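File shown here: start_3.txt, holding compact mmCIF, C-alpha atoms.
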```txt
# COMPACT_ATOMS: atom_id res chain seq x y z
CA MET A 1 84.66 203.69 212.91
CA ALA A 2 87.10 202.25 210.43
CA LEU A 3 90.73 203.20 210.06
CA ARG A 4 91.21 206.60 208.40
CA GLU A 5 94.20 208.19 206.68
CA THR A 6 95.99 211.39 207.61
CA SER A 7 98.98 213.16 206.08
CA ASP A 8 101.39 216.05 206.54
CA ASP A 9 98.67 218.35 205.17
CA THR A 10 95.85 217.18 207.45
CA PHE A 11 97.66 216.00 210.61
CA ASP A 12 97.12 219.19 212.65
CA ALA A 13 93.38 219.29 211.96
CA ASP A 14 92.89 215.53 212.26
CA VAL A 15 94.97 214.95 215.38
CA LEU A 16 96.15 218.04 217.23
CA LYS A 17 92.77 219.81 217.05
CA ALA A 18 90.65 216.68 217.66
CA SER A 19 88.31 216.79 220.64
CA GLY A 20 88.64 213.12 221.60
CA PRO A 21 91.41 210.53 221.80
CA VAL A 22 93.26 209.85 218.55
CA VAL A 23 95.62 207.01 217.68
CA ILE A 24 98.06 207.32 214.79
CA ASP A 25 99.59 204.24 213.20
CA PHE A 26 102.82 205.21 211.46
CA TRP A 27 103.60 202.68 208.74
CA ALA A 28 105.35 202.16 205.40
CA GLU A 29 104.48 200.15 202.30
CA TRP A 30 107.65 198.03 202.63
CA CYS A 31 106.97 197.15 206.29
CA THR A 32 105.58 193.61 206.50
CA SER A 33 104.85 193.93 210.25
CA CYS A 34 102.86 197.10 209.53
CA LYS A 35 100.80 195.34 206.88
CA ALA A 36 100.20 192.34 209.15
CA MET A 37 98.97 194.61 211.96
CA MET A 38 96.69 196.75 209.76
CA PRO A 39 93.65 194.38 209.66
CA HIS A 40 93.79 193.98 213.45
CA LEU A 41 93.98 197.73 213.97
CA ASP A 42 91.15 198.30 211.50
CA ALA A 43 88.92 195.76 213.26
CA ALA A 44 89.69 197.25 216.66
CA ALA A 45 88.94 200.77 215.38
CA SER A 46 85.61 199.56 213.98
CA GLU A 47 84.65 197.95 217.27
CA LEU A 48 85.47 201.08 219.28
CA GLY A 49 83.29 203.25 217.05
CA ASP A 50 83.40 206.96 217.87
CA ALA A 51 85.16 206.49 221.24
CA VAL A 52 88.61 206.69 219.63
CA THR A 53 89.60 207.93 216.18
CA VAL A 54 92.30 205.82 214.54
CA TYR A 55 94.40 207.12 211.65
CA LYS A 56 97.22 205.62 209.65
CA LEU A 57 100.04 207.77 208.30
CA ASN A 58 102.45 206.53 205.65
CA ILE A 59 105.89 207.81 206.68
CA GLU A 60 107.15 207.84 203.10
CA ASP A 61 104.24 209.95 201.85
CA SER A 62 104.30 212.23 204.93
CA PRO A 63 107.91 212.45 206.11
CA MET A 64 107.54 215.89 207.77
CA THR A 65 105.08 214.71 210.42
CA ALA A 66 107.03 211.53 211.09
CA GLY A 67 110.23 213.58 211.43
CA LYS A 68 108.69 216.17 213.77
CA LEU A 69 107.46 213.40 216.05
CA GLY A 70 110.77 211.54 216.02
CA ILE A 71 109.51 208.37 214.36
CA ARG A 72 112.60 206.18 213.95
CA GLY A 73 110.98 202.86 213.08
CA VAL A 74 107.69 201.34 212.03
CA PRO A 75 105.25 200.24 213.09
CA THR A 76 104.89 202.99 215.70
CA MET A 77 101.56 203.97 217.24
CA MET A 78 100.96 207.19 219.15
CA LEU A 79 98.01 208.13 221.31
CA PHE A 80 97.01 211.79 221.48
CA LYS A 81 94.52 213.22 223.96
CA ASN A 82 93.37 216.81 223.58
CA GLY A 83 96.11 217.40 221.02
CA LYS A 84 98.90 216.22 223.33
CA LEU A 85 100.96 213.06 223.02
CA ALA A 86 99.87 210.68 225.79
CA ASP A 87 101.51 207.35 224.88
CA THR A 88 103.67 205.65 222.26
CA LYS A 89 104.01 202.00 221.27
CA VAL A 90 106.83 200.86 218.98
CA GLY A 91 106.89 197.52 217.20
CA SER A 92 104.38 194.96 216.11
CA MET A 93 101.46 194.25 218.44
CA SER A 94 99.04 191.33 218.59
CA ARG A 95 95.31 191.91 218.26
CA SER A 96 94.83 191.44 222.02
CA LYS A 97 97.54 194.02 222.81
CA ILE A 98 96.02 196.48 220.33
CA ASP A 99 92.58 195.98 221.91
CA GLU A 100 93.99 196.51 225.40
CA TRP A 101 95.85 199.65 224.36
CA LEU A 102 92.90 201.17 222.47
CA ALA A 103 90.51 200.39 225.33
CA ASN A 104 92.74 202.52 227.54
CA ALA A 105 92.63 205.31 224.93
CA ARG A 106 88.97 205.95 225.81
CA LEU A 107 89.95 207.05 229.33
CA GLY A 108 90.26 210.76 230.05
```
Just give me the structure as structure tokens.
Amino acid sequence: MALRETSDDTFDADVLKASGPVVIDFWAEWCTSCKAMMPHLDAAASELGDAVTVYKLNIEDSPMTAGKLGIRGVPTMMLFKNGKLADTKVGSMSRSKIDEWLANARLG
């Protein structure tokens, strides 16, 4: 499954009420590291299929969600399982690190 988008309006339904693991990539248009990571995250999401749902959330377009979750810098990725925050990664990640992290997201 390819990378999807979520927002302040859809975050609760997309993430907190999801039945399976969900990863959120918090990013901004001005963030070059975010943009460099996006194709790697998209490819990883496609390879994992339905095992993990991966969303991106633009912090400038959806500041309420980013603020509630304490996002202080981008890129930041958060893993939610059964609507609960399970893990957070801050900073740019290589494709191999993204793959490793998302593979672990399928557990539980």
request  = In Å, rounded to a single decimal, give me how far CA of Ala86 (chain A) is from CA of Trp30 (chain A).
outcome  =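 So the two atoms, CA of Trp30 (chain A) and CA of Ala86 (chain A), lie 27.5 Å apart.
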note = If you count only C-alpha atoms, the residue of A:Ile71, A:Met64, A:Leu57, A:Leu79 closest to Asp25 (chain A) turns out to be A:Leu57
Counting all atoms listed in the file, the option among A:Ala36, A:Val90, A:Ile59, A:Leu3 closest to Val23 (chain A) = A:Leu3
query = Which residue out of A:Thr88, A:Ser33, A:Ser7, A:Thr76 has the minimum interatomic distance to Glu60 (chain A) when only C-alpha atoms are used?
reply =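 Among A:Thr88, A:Ser33, A:Ser7, A:Thr76, it is A:Ser7 that comes nearest to Glu60 (chain A).
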ask   = Pick the closest to Asp9 (chain A) from A:Thr53, A:Met37, A:Asp61, A:Ile24: which is it, counting all atoms listed in the file?
value = A:Asp61
task = Write out as a ChimeraX atom specification the residues lying within 12 Å of region 14-19 of chain A, counting only C-alpha atoms and excluding same-chain residues fewer than 5 positions away.
result = /A:4-9,24-25,50-57,65,78-86,108
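Checking A:Val22, A:Leu102, A:Pro63, A:Glu29 one by one against Pro75 (chain A), counting all atoms listed in the file, you find the shortest gap at A:Glu29.
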task = Rounded to one decimal place, report the CA of Asn104 (chain A)-CA of Leu69 (chain A) distance in Å.
result =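 We find that CA of Asn104 (chain A) and CA of Leu69 (chain A) lie 21.6 Å from each other.
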inquiry  = Using all atoms listed in the file for the distances, tell me which of A:Gly67, A:Phe26, A:Phe11, A:Asp99 is nearest to Leu48 (chain A).
reply    =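 With all atoms listed in the file as the atom set, the closest residue is A:Asp99.
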inquiry  = So the first atom is CA of Gly70 (chain A) and the second is CA of Ala28 (chain A); what is the distance between them in Å, to one decimal place?
reply    =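 Atom-to-atom, CA of Gly70 (chain A) and CA of Ala28 (chain A) are spaced 15.2 Å apart.
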